[in-house]
$ cat final_35.csv   # CSV, C-alpha atoms and all ligand atoms
chain,number,residue,atom,x,y,z
A,241,MET,CA,40.1,39.4,78.7
A,242,ARG,CA,42.2,41.0,81.5
A,243,SER,CA,40.1,41.5,84.6
A,244,VAL,CA,41.2,45.2,84.8
A,245,ILE,CA,39.3,45.7,81.5
A,246,ARG,CA,36.2,43.8,82.6
A,247,GLU,CA,36.2,45.9,85.8
A,248,LEU,CA,36.5,49.3,84.2
A,249,PRO,CA,33.6,51.4,85.4
A,250,GLY,CA,31.2,52.7,82.7
A,251,SER,CA,30.9,56.5,82.4
A,252,LYS,CA,28.4,57.9,84.8
A,253,ILE,CA,28.1,60.9,82.6
A,254,ARG,CA,26.9,58.6,79.8
A,255,GLU,CA,24.6,57.0,82.2
A,256,VAL,CA,22.8,60.3,82.9
A,257,ALA,CA,22.9,61.2,79.2
A,258,ASN,CA,21.3,57.8,78.4
A,259,ALA,CA,18.4,58.8,80.7
A,260,GLY,CA,17.7,61.6,78.2
A,261,VAL,CA,17.9,59.6,75.0
A,262,GLY,CA,15.1,60.3,72.6
A,263,ARG,CA,14.1,63.6,74.4
A,264,ASP,CA,14.7,66.8,72.5
A,265,ASP,CA,13.4,69.0,75.3
A,266,VAL,CA,16.5,68.4,77.5
A,267,LEU,CA,18.9,71.3,78.0
A,268,ALA,CA,22.1,69.3,78.0
A,269,PHE,CA,25.3,70.6,79.7
A,270,TRP,CA,26.7,67.2,80.6
A,271,PHE,CA,29.5,66.8,78.1
A,272,GLY,CA,32.8,68.8,78.0
A,273,GLU,CA,32.3,70.6,74.8
A,274,SER,CA,30.8,73.7,73.3
A,275,ASP,CA,27.7,73.6,71.1
A,276,GLU,CA,29.6,75.8,68.6
A,277,THR,CA,30.9,74.1,65.5
A,278,THR,CA,34.5,74.3,64.4
A,279,PRO,CA,35.2,77.6,62.6
A,280,ASP,CA,34.9,77.6,58.8
A,281,PHE,CA,38.6,78.4,58.1
A,282,ILE,CA,39.6,75.2,60.0
A,283,ARG,CA,37.1,73.0,58.2
A,284,ALA,CA,38.1,74.5,54.8
A,285,ALA,CA,41.7,73.5,55.4
A,286,ALA,CA,40.7,69.9,56.0
A,287,ALA,CA,38.4,69.9,52.9
A,288,GLU,CA,41.2,71.3,50.8
A,289,SER,CA,43.7,68.7,52.0
A,290,LEU,CA,41.2,65.9,51.1
A,291,ALA,CA,40.4,67.4,47.8
A,292,GLY,CA,44.1,67.6,47.1
A,293,GLY,CA,44.4,63.8,47.7
A,294,GLU,CA,46.2,63.9,51.1
A,295,THR,CA,45.0,60.5,52.1
A,296,PHE,CA,48.2,58.7,53.0
A,297,TYR,CA,50.1,57.8,56.1
A,298,ALA,CA,52.3,60.5,57.7
A,299,GLN,CA,55.3,60.6,60.0
A,300,ASN,CA,54.8,59.0,63.4
A,301,LEU,CA,55.5,62.2,65.3
A,302,GLY,CA,53.4,64.4,63.0
A,303,LEU,CA,54.0,66.6,59.9
A,304,PRO,CA,57.3,68.5,60.5
A,305,GLU,CA,55.5,71.7,59.6
A,306,LEU,CA,52.9,71.1,62.3
A,307,ARG,CA,55.5,70.3,64.9
A,308,GLU,CA,57.2,73.5,64.0
A,309,ALA,CA,54.0,75.4,64.2
A,310,VAL,CA,53.2,74.0,67.6
A,311,ALA,CA,56.6,74.9,68.8
A,312,ARG,CA,56.2,78.5,67.6
A,313,TYR,CA,52.7,78.7,69.1
A,314,THR,CA,54.1,77.3,72.5
A,315,GLY,CA,56.8,80.0,72.3
A,316,THR,CA,54.2,82.8,72.1
A,317,LEU,CA,52.9,81.7,75.5
A,318,HIS,CA,55.9,80.2,77.2
A,319,PRO,CA,59.7,80.1,76.8
A,320,ALA,CA,60.8,78.9,73.4
A,321,VAL,CA,60.7,75.1,72.8
A,322,ASP,CA,62.3,73.2,70.0
A,323,ALA,CA,60.2,71.3,67.5
A,324,GLY,CA,62.1,68.2,68.5
A,325,ARG,CA,60.3,68.3,71.8
A,326,ILE,CA,56.8,68.1,70.1
A,327,ALA,CA,54.9,64.9,69.3
A,328,ILE,CA,51.6,65.3,67.4
A,329,THR,CA,49.0,62.9,68.7
A,330,SER,CA,45.5,61.7,67.8
A,331,SER,CA,43.8,63.8,70.6
A,332,GLY,CA,44.7,64.9,74.0
A,333,VAL,CA,43.5,61.7,75.6
A,334,ASN,CA,45.8,59.7,73.2
A,335,ALA,CA,48.7,61.9,74.3
A,336,LEU,CA,47.9,61.1,77.9
A,337,MET,CA,47.8,57.4,77.2
A,338,LEU,CA,51.0,57.5,75.2
A,339,ALA,CA,52.7,59.3,78.1
A,340,MET,CA,51.4,56.8,80.5
A,341,GLN,CA,52.5,53.8,78.3
A,342,ALA,CA,55.9,55.3,78.0
A,343,LEU,CA,56.4,56.0,81.7
A,344,ALA,CA,54.4,53.6,84.0
A,345,GLY,CA,54.2,49.8,84.0
A,346,PRO,CA,52.6,47.1,86.1
A,347,GLY,CA,53.0,47.8,89.8
A,348,ASP,CA,54.4,51.3,89.4
A,349,GLU,CA,52.9,54.1,91.5
A,350,VAL,CA,51.2,57.0,89.8
A,351,VAL,CA,50.0,59.8,92.1
A,352,ALA,CA,47.0,61.8,90.8
A,353,VAL,CA,45.5,65.0,92.0
A,354,VAL,CA,41.7,64.4,92.2
A,355,PRO,CA,38.8,64.9,91.5
A,356,VAL,CA,39.7,64.7,87.8
A,357,TRP,CA,38.4,63.7,84.4
A,358,PRO,CA,38.2,59.9,84.9
A,359,ASN,CA,40.3,59.0,81.8
A,360,LEU,CA,43.4,60.3,83.6
A,361,THR,CA,43.2,57.7,86.4
A,362,ALA,CA,41.7,54.9,84.3
A,363,GLN,CA,44.7,54.9,81.9
A,364,PRO,CA,47.4,54.0,84.5
A,365,ALA,CA,45.0,51.4,86.0
A,366,ILE,CA,44.6,49.8,82.5
A,367,LEU,CA,48.4,49.5,82.3
A,368,GLY,CA,48.5,47.8,85.7
A,369,ALA,CA,49.9,50.8,87.6
A,370,ARG,CA,48.8,51.6,91.2
A,371,VAL,CA,47.0,55.0,91.5
A,372,THR,CA,47.4,57.0,94.7
A,373,ARG,CA,44.7,59.7,94.8
A,374,VAL,CA,45.5,63.0,96.5
A,375,PRO,CA,42.2,65.0,96.9
A,376,LEU,CA,41.8,68.7,96.5
A,377,LYS,CA,40.1,70.3,99.5
A,378,VAL,CA,36.9,72.4,99.5
A,379,ARG,CA,37.3,75.8,101.2
A,380,GLU,CA,34.4,78.2,101.1
A,381,GLY,CA,32.9,76.4,98.1
A,382,ALA,CA,36.2,76.5,96.1
A,383,TRP,CA,38.6,73.5,95.5
A,384,VAL,CA,42.1,74.1,96.7
A,385,LEU,CA,45.3,72.1,96.7
A,386,ASP,CA,46.7,70.7,100.0
A,387,LEU,CA,50.3,71.2,98.9
A,388,ASP,CA,51.8,69.4,101.9
A,389,ALA,CA,49.6,66.4,101.4
A,390,LEU,CA,50.6,66.2,97.8
A,391,LEU,CA,54.3,66.6,98.4
A,392,SER,CA,54.2,63.9,101.1
A,393,ALA,CA,52.4,61.5,98.7
A,394,VAL,CA,55.1,61.9,96.1
A,395,THR,CA,58.1,59.8,97.2
A,396,PRO,CA,61.1,58.3,95.4
A,397,GLN,CA,58.8,55.3,94.7
A,398,SER,CA,56.4,57.4,92.7
A,399,ARG,CA,57.0,57.0,88.9
A,400,VAL,CA,54.5,59.7,87.8
A,401,LEU,CA,52.6,62.6,89.2
A,402,LEU,CA,49.4,63.3,87.1
A,403,VAL,CA,48.0,66.8,87.5
A,404,ASN,CA,45.3,68.5,85.5
A,405,ALA,CA,45.1,72.3,85.9
A,406,PRO,CA,42.9,74.2,85.0
A,407,ASN,CA,41.0,71.2,86.3
A,408,ASN,CA,38.1,69.3,84.9
A,409,PRO,CA,35.7,69.3,86.8
A,410,THR,CA,36.5,71.8,89.6
A,411,GLY,CA,38.1,74.7,87.7
A,412,TRP,CA,40.9,74.7,90.2
A,413,THR,CA,44.1,76.1,88.8
A,414,LEU,CA,47.7,75.7,90.0
A,415,SER,CA,49.6,78.8,91.1
A,416,ARG,CA,53.1,79.5,89.8
A,417,ALA,CA,54.4,79.0,93.4
A,418,GLU,CA,52.7,75.6,93.7
A,419,GLN,CA,54.1,74.6,90.4
A,420,GLN,CA,57.6,75.5,91.5
A,421,ALA,CA,57.2,73.6,94.7
A,422,ILE,CA,55.9,70.5,92.9
A,423,LEU,CA,58.7,70.7,90.3
A,424,ASP,CA,61.4,71.1,92.9
A,425,HIS,CA,60.0,68.2,94.9
A,426,CYS,CA,59.7,65.9,91.8
A,427,ARG,CA,63.3,66.7,90.8
A,428,ARG,CA,64.3,65.4,94.2
A,429,THR,CA,62.2,62.2,94.0
A,430,GLY,CA,62.9,61.6,90.4
A,431,THR,CA,59.2,61.5,89.6
A,432,TRP,CA,57.9,62.4,86.1
A,433,ILE,CA,55.2,65.1,86.0
A,434,VAL,CA,52.5,64.5,83.4
A,435,ALA,CA,50.7,67.9,83.3
A,436,ASP,CA,47.4,68.0,81.5
A,437,GLU,CA,47.1,71.6,80.4
A,438,VAL,CA,44.5,71.2,77.7
A,439,TYR,CA,42.5,74.1,79.3
A,440,GLU,CA,45.4,76.5,79.6
A,441,ARG,CA,43.9,79.0,77.1
A,442,LEU,CA,40.4,78.8,78.7
A,443,TYR,CA,41.7,80.9,81.6
A,444,PHE,CA,40.0,84.1,82.6
A,445,GLU,CA,42.8,85.9,84.6
A,446,GLY,CA,45.4,86.2,81.8
A,447,PRO,CA,46.2,85.0,78.3
A,448,SER,CA,47.1,81.5,79.6
A,449,ALA,CA,47.1,79.6,82.9
A,450,PRO,CA,50.4,79.1,84.7
A,451,SER,CA,52.2,76.3,83.0
A,452,PHE,CA,55.0,73.9,84.1
A,453,LEU,CA,56.6,74.9,80.8
A,454,ASP,CA,57.3,78.4,82.2
A,455,LEU,CA,59.5,76.9,85.0
A,456,ALA,CA,61.0,73.6,83.7
A,457,THR,CA,64.2,73.1,81.7
A,458,ALA,CA,64.1,71.1,78.4
A,459,ASP,CA,65.5,68.0,80.3
A,460,ASP,CA,63.2,68.0,83.3
A,461,ARG,CA,61.1,64.9,83.6
A,462,LEU,CA,58.0,66.7,82.4
A,463,VAL,CA,55.4,65.9,79.8
A,464,VAL,CA,52.8,68.6,79.0
A,465,VAL,CA,49.7,67.4,77.2
A,466,HIS,CA,47.6,69.7,74.9
A,467,SER,CA,44.7,69.4,72.6
A,468,PHE,CA,43.1,71.3,69.7
A,469,SER,CA,39.7,70.3,71.2
A,470,LYS,CA,38.9,73.0,73.6
A,471,SER,CA,40.7,76.2,72.4
A,472,PHE,CA,39.8,75.7,68.7
A,473,LEU,CA,36.4,74.0,69.1
A,474,MET,CA,37.7,70.8,67.5
A,475,THR,CA,36.5,68.0,69.9
A,476,GLY,CA,35.5,65.7,67.1
A,477,TRP,CA,38.7,66.0,65.1
A,478,ARG,CA,40.9,64.1,67.6
A,479,LEU,CA,44.1,66.1,67.4
A,480,GLY,CA,46.5,66.9,70.2
A,481,TRP,CA,50.1,67.1,71.1
A,482,MET,CA,52.6,66.8,73.9
A,483,VAL,CA,55.8,68.6,74.8
A,484,ALA,CA,58.4,66.3,76.3
A,485,PRO,CA,62.2,66.0,76.6
A,486,THR,CA,63.8,65.4,73.2
A,487,ALA,CA,65.1,61.9,74.2
A,488,LEU,CA,61.6,60.8,75.2
A,489,VAL,CA,60.0,62.2,72.0
A,490,ALA,CA,62.6,60.3,69.9
A,491,GLU,CA,61.3,57.0,71.5
A,492,LEU,CA,57.7,58.0,71.3
A,493,GLY,CA,57.6,57.7,67.6
A,494,LYS,CA,57.8,54.0,68.0
A,495,LEU,CA,55.0,53.9,70.5
A,496,ILE,CA,52.8,56.0,68.2
A,497,GLU,CA,53.6,53.5,65.4
A,498,PHE,CA,52.0,50.7,67.5
A,499,ASN,CA,49.0,52.8,68.6
A,500,THR,CA,47.7,54.9,65.7
A,501,SER,CA,50.8,55.1,63.5
A,502,CYS,CA,50.1,58.8,62.9
A,503,ALA,CA,47.4,61.5,63.0
A,504,PRO,CA,45.6,61.8,59.7
A,505,VAL,CA,47.2,64.4,57.4
A,506,PHE,CA,44.0,66.3,56.6
A,507,ILE,CA,43.3,66.7,60.3
A,508,GLN,CA,46.9,67.9,60.8
A,509,ARG,CA,46.3,70.5,58.0
A,510,ALA,CA,43.2,71.7,59.9
A,511,GLY,CA,45.5,72.0,63.0
A,512,LEU,CA,48.0,74.1,61.0
A,513,ALA,CA,45.1,76.4,59.9
A,514,ALA,CA,44.0,76.7,63.5
A,515,LEU,CA,47.4,77.7,64.8
A,516,ALA,CA,48.0,80.1,62.0
A,517,ARG,CA,45.0,82.1,63.2
A,518,ALA,CA,45.2,81.4,66.9
A,519,ASP,CA,45.8,85.1,67.8
A,520,ASP,CA,42.6,86.1,65.9
A,521,PHE,CA,40.5,83.3,67.1
A,522,VAL,CA,41.3,82.2,70.6
A,523,PRO,CA,40.9,85.5,72.5
A,524,GLY,CA,37.4,85.9,71.0
A,525,LEU,CA,36.5,82.3,72.0
A,526,VAL,CA,37.8,83.0,75.6
A,527,ALA,CA,35.8,86.2,75.8
A,528,ARG,CA,32.6,84.3,74.8
A,529,MET,CA,33.3,81.6,77.4
A,530,LYS,CA,33.9,84.3,80.0
A,531,HIS,CA,30.6,85.8,79.2
A,532,CYS,CA,29.0,82.4,79.6
A,533,ARG,CA,30.8,81.9,82.9
A,534,ASP,CA,29.7,85.3,84.2
A,535,THR,CA,26.1,84.6,83.1
A,536,LEU,CA,25.9,81.2,84.7
A,537,LEU,CA,27.8,81.7,88.0
A,538,PRO,CA,25.9,84.5,89.6
A,539,ALA,CA,22.5,83.0,88.6
A,540,LEU,CA,23.5,79.6,90.0
A,541,ALA,CA,25.0,81.1,93.2
A,542,ALA,CA,21.6,82.9,93.8
A,543,VAL,CA,19.7,79.6,93.9
A,544,PRO,CA,18.9,78.8,97.5
A,545,GLY,CA,20.9,75.9,98.8
A,546,VAL,CA,23.5,76.1,96.0
A,547,GLN,CA,27.2,76.2,96.9
A,548,VAL,CA,29.5,77.3,94.1
A,549,ALA,CA,32.7,79.2,93.5
A,550,THR,CA,33.7,81.1,90.3
A,551,PRO,CA,36.3,79.1,88.5
A,552,PRO,CA,39.4,80.9,87.2
A,553,GLY,CA,39.7,78.5,84.3
A,554,GLY,CA,38.2,75.7,82.3
A,555,MET,CA,34.6,75.6,81.1
A,556,TYR,CA,32.7,74.2,84.1
A,557,ALA,CA,30.7,75.3,87.1
A,558,PHE,CA,31.1,72.8,89.8
A,559,PHE,CA,28.5,73.0,92.5
A,560,ARG,CA,26.5,71.2,95.1
A,561,VAL,CA,23.0,71.6,96.4
A,562,GLU,CA,22.3,71.3,100.1
A,563,GLY,CA,20.7,67.9,100.9
A,564,GLN,CA,21.5,66.3,97.6
A,565,ASP,CA,24.3,63.9,98.4
A,566,ASP,CA,23.7,61.2,95.7
A,567,SER,CA,24.9,63.0,92.5
A,568,LEU,CA,24.0,60.3,90.1
A,569,ALA,CA,20.5,59.9,91.3
A,570,PHE,CA,20.0,63.7,91.5
A,571,ALA,CA,21.4,64.2,88.0
A,572,LYS,CA,19.0,61.5,86.7
A,573,ARG,CA,16.1,63.1,88.4
A,574,LEU,CA,17.0,66.5,87.0
A,575,VAL,CA,16.8,65.0,83.5
A,576,ALA,CA,13.6,63.2,84.1
A,577,THR,CA,11.6,65.9,85.9
A,578,ALA,CA,13.2,69.2,84.8
A,579,GLY,CA,14.8,68.4,81.4
A,580,LEU,CA,18.2,69.6,82.7
A,581,GLY,CA,21.3,67.6,81.8
A,582,LEU,CA,24.3,67.9,84.1
A,583,ALA,CA,27.2,65.6,84.9
A,584,PRO,CA,27.3,63.9,88.3
A,585,GLY,CA,30.3,64.6,90.5
A,586,ALA,CA,30.6,60.9,91.2
A,587,ALA,CA,31.8,60.5,87.6
A,588,PHE,CA,35.1,62.2,88.7
A,589,GLY,CA,35.7,60.2,91.8
A,590,ASP,CA,34.3,59.6,95.3
A,591,GLU,CA,35.9,62.9,96.4
A,592,ALA,CA,33.4,64.7,94.2
A,593,GLU,CA,30.3,62.8,95.3
A,594,GLY,CA,27.4,65.2,96.0
A,595,TRP,CA,28.6,67.7,93.4
A,596,LEU,CA,27.4,68.4,89.9
A,597,ARG,CA,29.3,69.7,86.8
A,598,TRP,CA,27.8,72.2,84.4
A,599,CYS,CA,29.6,72.9,81.1
A,600,PHE,CA,29.0,76.5,80.4
A,601,ALA,CA,30.5,76.6,76.9
A,602,SER,CA,27.5,77.6,74.9
A,603,ARG,CA,26.8,79.6,71.7
A,604,ASP,CA,23.7,81.1,73.4
A,605,PRO,CA,24.1,82.2,77.0
A,606,GLY,CA,20.3,82.3,77.2
A,607,ARG,CA,20.4,78.5,77.4
A,608,LEU,CA,22.3,78.8,80.7
A,609,THR,CA,19.8,81.1,82.2
A,610,ARG,CA,16.9,78.9,81.1
A,611,GLY,CA,18.8,76.0,82.7
A,612,VAL,CA,19.1,77.8,86.0
A,613,ASP,CA,15.3,78.4,85.9
A,614,ARG,CA,14.8,74.7,85.4
A,615,LEU,CA,17.0,73.9,88.4
A,616,GLN,CA,15.2,76.4,90.5
A,617,ARG,CA,11.8,75.1,89.6
A,618,ALA,CA,13.0,71.5,90.2
A,619,LEU,CA,14.3,72.4,93.7
A,620,ALA,CA,11.1,74.3,94.5
A,621,ALA,CA,9.1,71.2,93.7
A,622,LEU,CA,11.2,68.9,96.0
A,623,PRO,CA,11.0,66.1,96.7
A,624,LEU,CA,11.5,65.5,93.0
B,701,LIG,C1,41.2,67.3,81.6
B,701,LIG,C2,41.1,66.8,80.2
B,701,LIG,N1,42.2,66.4,79.6
B,701,LIG,C3,42.1,65.9,78.3
B,701,LIG,C4,41.0,65.9,77.6
B,701,LIG,C5,41.1,65.3,76.2
B,701,LIG,O1,40.7,66.1,75.2
B,701,LIG,P1,40.7,65.5,73.7
B,701,LIG,O2,41.0,64.0,73.8
B,701,LIG,O3,39.4,65.8,73.1
B,701,LIG,O4,41.9,66.1,73.0
B,701,LIG,C6,39.8,66.4,78.2
B,701,LIG,C7,38.5,66.4,77.4
B,701,LIG,O5,37.5,66.6,78.0
B,701,LIG,C8,39.9,66.9,79.5
B,701,LIG,O6,38.8,67.3,80.1

$ encode --input "final_35.csv" --output "structure tokens"
Amino acid sequence: MRSVIRELPGSKIREVANAGVGRDDVLAFWFGESDETTPDFIRAAAAESLAGGETFYAQNLGLPELREAVARYTGTLHPAVDAGRIAITSSGVNALMLAMQALAGPGDEVVAVVPVWPNLTAQPAILGARVTRVPLKVREGAWVLDLDALLSAVTPQSRVLLVNAPNNPTGWTLSRAEQQAILDHCRRTGTWIVADEVYERLYFEGPSAPSFLDLATADDRLVVVHSFSKSFLMTGWRLGWMVAPTALVAELGKLIEFNTSCAPVFIQRAGLAALARADDFVPGLVARMKHCRDTLLPALAAVPGVQVATPPGGMYAFFRVEGQDDSLAFAKRLVATAGLGLAPGAAFGDEAEGWLRWCFASRDPGRLTRGVDRLQRALAALPL
């Protein structure tokens, strides 16, 4: 086995969740998904497809009608894109891996804005690329970009810049002006931008977060990665897509062949149903998430010793508690003594050590308030 595989770190979120195995009294907010099931109209489309016998291989790049539908949907949020620029993938994380396989090889430099969902930085490492981490900075409890530091880290030697905004775990979101500066700079250095925009609809200050697609031309070295998981409550379905220059998409079909060959047809039918009703469904989901955010954040901010900022996007509160610097140990103690399940900041990189991530996507906002009560009681009883 390659040493890079043997040395991959296990998930610290799983490590905390394993500490709660067999306990049904834990209020769990550790994973990045809602506890709401996928809407019926989406499940019905998959069931109908299966009942109709759609059990065969499909095109590498996805059903043409789904590629068209994704292009139309993209055009409702951003300048029009051609379906030839869309590749359907078996999840967002699969799209990210395909982009990385296509763009970065052994020894290549990949610059990543961190902290970030660990899969983004593990993928280039698996491929033998070198990852240069550019940390966000904390200012008054909120995470912000040091644009100068990022631009000086991206040089003509940098193959890829990886950026996830709205960001998991911090909620940090790129501004339009920052995107423009990054795009201009990467045009000069010849660096590809891989923009993970899977949370673009989970944005609370407009219909969608600022996107590189609003600024770039069809030929820019830009890959934008998307997912059905977050905006359509479809985490378990494993369906995503990417928008990329036509010439890259044409080659990607081959790469998909050697990875998954194609996304399953009945899953793609579910994706078609989701997009057909995106305008009815997504705004309601975002309103429910905003209500969750606005329930959790003030309650959390009122806990003595807690430092937290209201995130403009995503579905996470990212916070720290004074005096609690070992996030893994603290998260495990919260499970053991308070029945509260949170993700440790250390799971997202050393830069986030001492922080905790709380996924606020919940059917019942009352769970969030009960969770804050548990945190408060646990802290009152310190040392835990
Ligand atoms: C930042 C980010 N990108 C991509 C994904 C991948 O989503 P999926 O593979 O479920 O489509 C996630 C999931 O948590 C994420 O947080």

$ residues_near_ligand --input "final_35.csv" --ligand "ligand LIG 701 (chain B)" --cutoff "10 Å" --atoms "all atoms listed in the file" --output "ChimeraX atom specification"
/A:271-273,329-336,356-360,403-409,435-439,465-470,473-481,554-555

$ closest_atom_pairs --input "final_35.csv" --of "region 489-587 of chain A" --to "region 289-307 of chain A" --cutoff "12 Å" --atoms "all atoms listed in the file" --output "tab-separated table"
residue	atom	partner	partner_atom	distance
A:Val489	CA	A:Leu301	CA	8.1
A:Ala490	CA	A:Leu301	CA	8.7
A:Glu491	CA	A:Leu301	CA	10.0
A:Leu492	CA	A:Leu301	CA	7.6
A:Gly493	CA	A:Asn300	CA	5.2
A:Lys494	CA	A:Asn300	CA	7.4
A:Leu495	CA	A:Asn300	CA	8.7
A:Ile496	CA	A:Asn300	CA	6.0
A:Glu497	CA	A:Asn300	CA	6.0
A:Phe498	CA	A:Asn300	CA	9.7
A:Asn499	CA	A:Asn300	CA	10.0
A:Thr500	CA	A:Asn300	CA	8.5
A:Ser501	CA	A:Asn300	CA	5.6
A:Cys502	CA	A:Asn300	CA	4.7
A:Ala503	CA	A:Gly302	CA	6.7
A:Pro504	CA	A:Tyr297	CA	7.0
A:Val505	CA	A:Glu294	CA	6.4
A:Phe506	CA	A:Ser289	CA	5.2
A:Ile507	CA	A:Ser289	CA	8.5
A:Gln508	CA	A:Leu306	CA	7.0
A:Arg509	CA	A:Ser289	CA	6.8
A:Ala510	CA	A:Ser289	CA	8.5
A:Gly511	CA	A:Leu306	CA	7.5
A:Leu512	CA	A:Leu306	CA	5.9
A:Ala513	CA	A:Leu306	CA	9.7
A:Ala514	CA	A:Leu306	CA	10.6
A:Leu515	CA	A:Leu306	CA	8.9
A:Ala516	CA	A:Leu306	CA	10.3

$ atom_distance --input "final_35.csv" --atom1 "CA of Ser471 (chain A)" --atom2 "CA of Asp459 (chain A)"
27.3 Å

$ atom_distance --input "final_35.csv" --atom1 "CA of Gly381 (chain A)" --atom2 "CA of Phe269 (chain A)"
20.7 Å

$ atom_distance --input "final_35.csv" --atom1 "CA of Gln363 (chain A)" --atom2 "CA of Ala484 (chain A)"
18.7 Å

$ residues_around --input "final_35.csv" --residues "Leu401 (chain A)" --least-positions-apart "2" --cutoff "9 Å" --atoms "all atoms listed in the file" --output "list in words"
Glu349, Val350, Val351, Ala352, Val353, Val394, Ser398, Arg399, Val403, Cys426, Thr431, Trp432, Ile433, Val434 and Ala435 of chain A

$ closest_residue --input "final_35.csv" --among "A:Ala342, A:Ala449, A:Ala576, A:Leu615" --to "Pro544 (chain A)" --atoms "only C-alpha atoms"
A:Leu615

$ closest_residue --input "final_35.csv" --among "A:Val612, A:Val354, A:Met340, A:Ala557" --to "Glu593 (chain A)" --atoms "all atoms listed in the file"
A:Val354

$ residues_around --input "final_35.csv" --residues "Thr410 (chain A)" --least-positions-apart "5" --cutoff "10 Å" --atoms "all atoms listed in the file" --output "list in words"
Val354, Pro355, Val356, Trp357, Leu376, Val378, Ala382, Trp383, Val384, Ala405, Val548, Ala549, Thr550, Pro551, Pro552, Gly553, Gly554, Met555, Tyr556, Ala557, Phe558, Phe559, Gly585, Phe588, Ala592, Trp595, Leu596 and Arg597 of chain A

$ residues_around --input "final_35.csv" --residues "Gly563 (chain A)" --least-positions-apart "2" --cutoff "10 Å" --atoms "all atoms listed in the file" --output "list of chain:residue names"
A:Gly545, A:Val546, A:Arg560, A:Val561, A:Asp565, A:Asp566, A:Gly594

$ closest_residue --input "final_35.csv" --among "A:Leu568, A:Val575, A:Ala542, A:Ala344" --to "Val266 (chain A)" --atoms "all atoms listed in the file"
A:Val575

$ residues_around --input "final_35.csv" --residues "Ala456 (chain A)" --least-positions-apart "6" --cutoff "9 Å" --atoms "all atoms listed in the file" --output "PDB file with C-alpha atoms, in the frame of the given file"
ATOM      1  CA  GLN A 420      57.600  75.500  91.500  1.00  0.00           C
ATOM      2  CA  LEU A 423      58.700  70.700  90.300  1.00  0.00           C
ATOM      3  CA  LEU A 462      58.000  66.700  82.400  1.00  0.00           C
TER       4      LEU A 462
END

$ closest_residue --input "final_35.csv" --among "A:Ser251, A:Ala285, A:Leu267, A:Ala458" --to "Leu608 (chain A)" --atoms "only C-alpha atoms"
A:Leu267

$ decode --input "final_35.csv" --residues "region 484-495 of chain A" --atoms "N, CA and C atoms" --output "tab-separated table (two decimals), in the first residue's frame"
chain	number	residue	atom	x	y	z
A	484	ALA	N	-17.29	23.45	-15.75
A	484	ALA	CA	-15.88	23.58	-16.12
A	484	ALA	C	-15.80	24.01	-17.59
A	485	PRO	N	-14.63	24.43	-18.05
A	485	PRO	CA	-14.51	24.75	-19.48
A	485	PRO	C	-14.86	23.53	-20.35
A	486	THR	N	-15.47	23.76	-21.49
A	486	THR	CA	-15.92	22.66	-22.35
A	486	THR	C	-14.81	21.67	-22.66
A	487	ALA	N	-13.60	22.20	-22.91
A	487	ALA	CA	-12.50	21.30	-23.29
A	487	ALA	C	-12.16	20.35	-22.14
A	488	LEU	N	-12.24	20.82	-20.91
A	488	LEU	CA	-11.94	19.94	-19.77
A	488	LEU	C	-13.05	18.91	-19.60
A	489	VAL	N	-14.31	19.37	-19.74
A	489	VAL	CA	-15.43	18.44	-19.58
A	489	VAL	C	-15.33	17.30	-20.59
A	490	ALA	N	-14.92	17.64	-21.81
A	490	ALA	CA	-14.81	16.61	-22.86
A	490	ALA	C	-13.85	15.50	-22.43
A	491	GLU	N	-12.78	15.88	-21.74
A	491	GLU	CA	-11.81	14.87	-21.27
A	491	GLU	C	-12.30	14.17	-20.00
A	492	LEU	N	-13.10	14.88	-19.22
A	492	LEU	CA	-13.55	14.32	-17.94
A	492	LEU	C	-14.37	13.05	-18.10
A	493	GLY	N	-15.06	12.96	-19.24
A	493	GLY	CA	-15.86	11.75	-19.48
A	493	GLY	C	-15.01	10.50	-19.31
A	494	LYS	N	-13.78	10.56	-19.82
A	494	LYS	CA	-12.87	9.39	-19.71
A	494	LYS	C	-12.53	9.11	-18.26
A	495	LEU	N	-12.26	10.18	-17.53
A	495	LEU	CA	-11.88	10.01	-16.12
A	495	LEU	C	-13.05	9.43	-15.31
